[in-house]
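Before any comments, here is the structure.
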Amino acid sequence: MHIAKRLLWGIITAALLVAAVAPPVFAQTPEPQDFPDTGYTVSGPFLSYYQTMPDPFVMLGHPISDAEVDPINGRTVQYFQRGRLELDPDAPAGQQVRFGNLGELQYTSGAPLAEVRNSGPTCRSFSTGHNVCYGFLQFYEAYQGDRYFGNPISEVELVNGRMVQYFENVRLEWRGEVVNGRHVGLSDMGRFYYDLIHGPSARLLRPQKDDAVVGSPTSLRLRAFVRHSLLPANEKQTLYVVVQDQRLRPVRNASVSVSITLPDGSRQSYRPPSTDADGISVFTVQVGATDVKQIVTIDVTATLPQLGLEQKTSTWFRIWW
């Protein structure tokens, strides 16, 4: 019995001695993560922050730049499709990485308000004097908007035919064309602002690590938007179509087809010009006599027949006075 006790105390003493001299263990910085879709890498504190978000792809998307110094605030930043991360070394530990305020930097007042209620039991009031309601509020709370998105700085507005609401750091948009899936999502504010600062082609010119992977597109990304979100009847509407590949590089000579559905259910089909060197096709159409407040829907298809690639999207606008 005494031998067993002495043996037990010996084991405990040895364990304490090992603990006393063992080096402290620190959390390891994750290995840099490559994003083949855009050809960029995220590392260090930016990657640690990215990986702890509720759903980093939904909230930020893929990186579209390397880390760089912002000439305005002097901080190290990295751009993603839907936002920008900033590094503030003077902030307390654990709070040095944050969302950049791209919502504030890109918001311009004066857009028409959407015809939706902005009060009631399904709304939440904020100190900025604006409310967030319905699906926007559900998305905001599901993705910890207080921490990542900031406060609302606008009501729900109509921008390029889409209902949007600006926050300090992001912009939420309503995607009515989505049939089975999430109707609320984040606008590509990171890409919009990066293109504004550096030019739309800057993020597409980065040399790839492996020249073998640079070649023909393997998938298409398609965006379409109209010049006028509100348009009087019997006026001309301009449609902009942007086609990019899996690395967000412009796709030239993509075939574009457009189908316009009028409020009475009739459809009109058009064949706009193929995309130019910037991956853009511009098309203008005359809108006939249509009742005020009616919605005109535009379905767009882009194809590269020689590669068997096709992508579809939709946009819309409202007939107004």
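By convention here, the chains of the structure tokens are called A, B, ... in the order presented, each chain's residues are numbered starting at 1, and ligands are numbered starting at 1 in the order presented.
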Given only C-alpha atoms, how would the per-residue table for segment 101-135 of chain A near segment 76-85 of chain A read, listing every residue at most 12 Å away with its closest atom pair and distance in Å to one decimal, sorted by chain and number, as CSV?
```
residue,atom,partner,partner_atom,distance
A:Asn101,CA,A:Arg84,CA,8.0
A:Leu102,CA,A:Gly83,CA,6.9
A:Gly103,CA,A:Gly83,CA,8.9
A:Glu104,CA,A:Gly83,CA,12.0
A:Leu105,CA,A:Arg84,CA,11.7
A:Gln106,CA,A:Gly83,CA,11.7
```
Save the residues we just selected, N, CA and C atoms, as a PDB file, in the first residue's frame?
```pdb
ATOM      1  N   ASN A 101     -15.586  50.145 -44.154  1.00  0.00           N
ATOM      2  CA  ASN A 101     -16.881  50.826 -44.255  1.00  0.00           C
ATOM      3  C   ASN A 101     -17.218  51.162 -45.707  1.00  0.00           C
ATOM      4  N   LEU A 102     -17.286  50.150 -46.559  1.00  0.00           N
ATOM      5  CA  LEU A 102     -17.540  50.378 -47.977  1.00  0.00           C
ATOM      6  C   LEU A 102     -18.972  50.797 -48.250  1.00  0.00           C
ATOM      7  N   GLY A 103     -19.893  50.494 -47.351  1.00  0.00           N
ATOM      8  CA  GLY A 103     -21.256  50.985 -47.517  1.00  0.00           C
ATOM      9  C   GLY A 103     -21.296  52.500 -47.437  1.00  0.00           C
ATOM     10  N   GLU A 104     -20.676  53.057 -46.407  1.00  0.00           N
ATOM     11  CA  GLU A 104     -20.624  54.508 -46.256  1.00  0.00           C
ATOM     12  C   GLU A 104     -19.878  55.166 -47.404  1.00  0.00           C
ATOM     13  N   LEU A 105     -18.781  54.562 -47.845  1.00  0.00           N
ATOM     14  CA  LEU A 105     -17.968  55.164 -48.887  1.00  0.00           C
ATOM     15  C   LEU A 105     -18.672  55.198 -50.243  1.00  0.00           C
ATOM     16  N   GLN A 106     -19.655  54.309 -50.438  1.00  0.00           N
ATOM     17  CA  GLN A 106     -20.289  54.233 -51.757  1.00  0.00           C
ATOM     18  C   GLN A 106     -21.744  54.656 -51.765  1.00  0.00           C
TER      19      GLN A 106
END
```
Contact residues around Gln244 of chain A with only C-alpha atoms at 6 Å, ignoring same-chain residues under 2 positions, as a ChimeraX atom specification: /A:220-221,248-251
Go ahead and compute the interatomic distance for atom CA of Asp264 of chain A and atom CA of Arg223 of chain A, in Å to one decimal.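 Between atom CA of Asp264 of chain A and atom CA of Arg223 of chain A the gap works out to 25.6 Å.
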Given the choices A:Thr108, A:Gly129, A:Tyr49, A:Glu310, which gets closest to Gln96 of chain A if the distance is worked out from only C-alpha atoms? A:Tyr49
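Shell of Ser257 of chain A at 7 Å, with only C-alpha atoms counted and residues fewer than 3 places along the chain excluded, is A:Tyr270, A:Arg271, A:Pro272, A:Val300, A:Thr301, A:Ala302.
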Enumerate as a VMD selection string all residues of segment 35-103 of chain A assigned to alpha helix (DSSP H) by DSSP on the backbone, naming them with the chain letters and numbers the document uses. chain A and resid 44 to 52 56 to 59 102 to 103
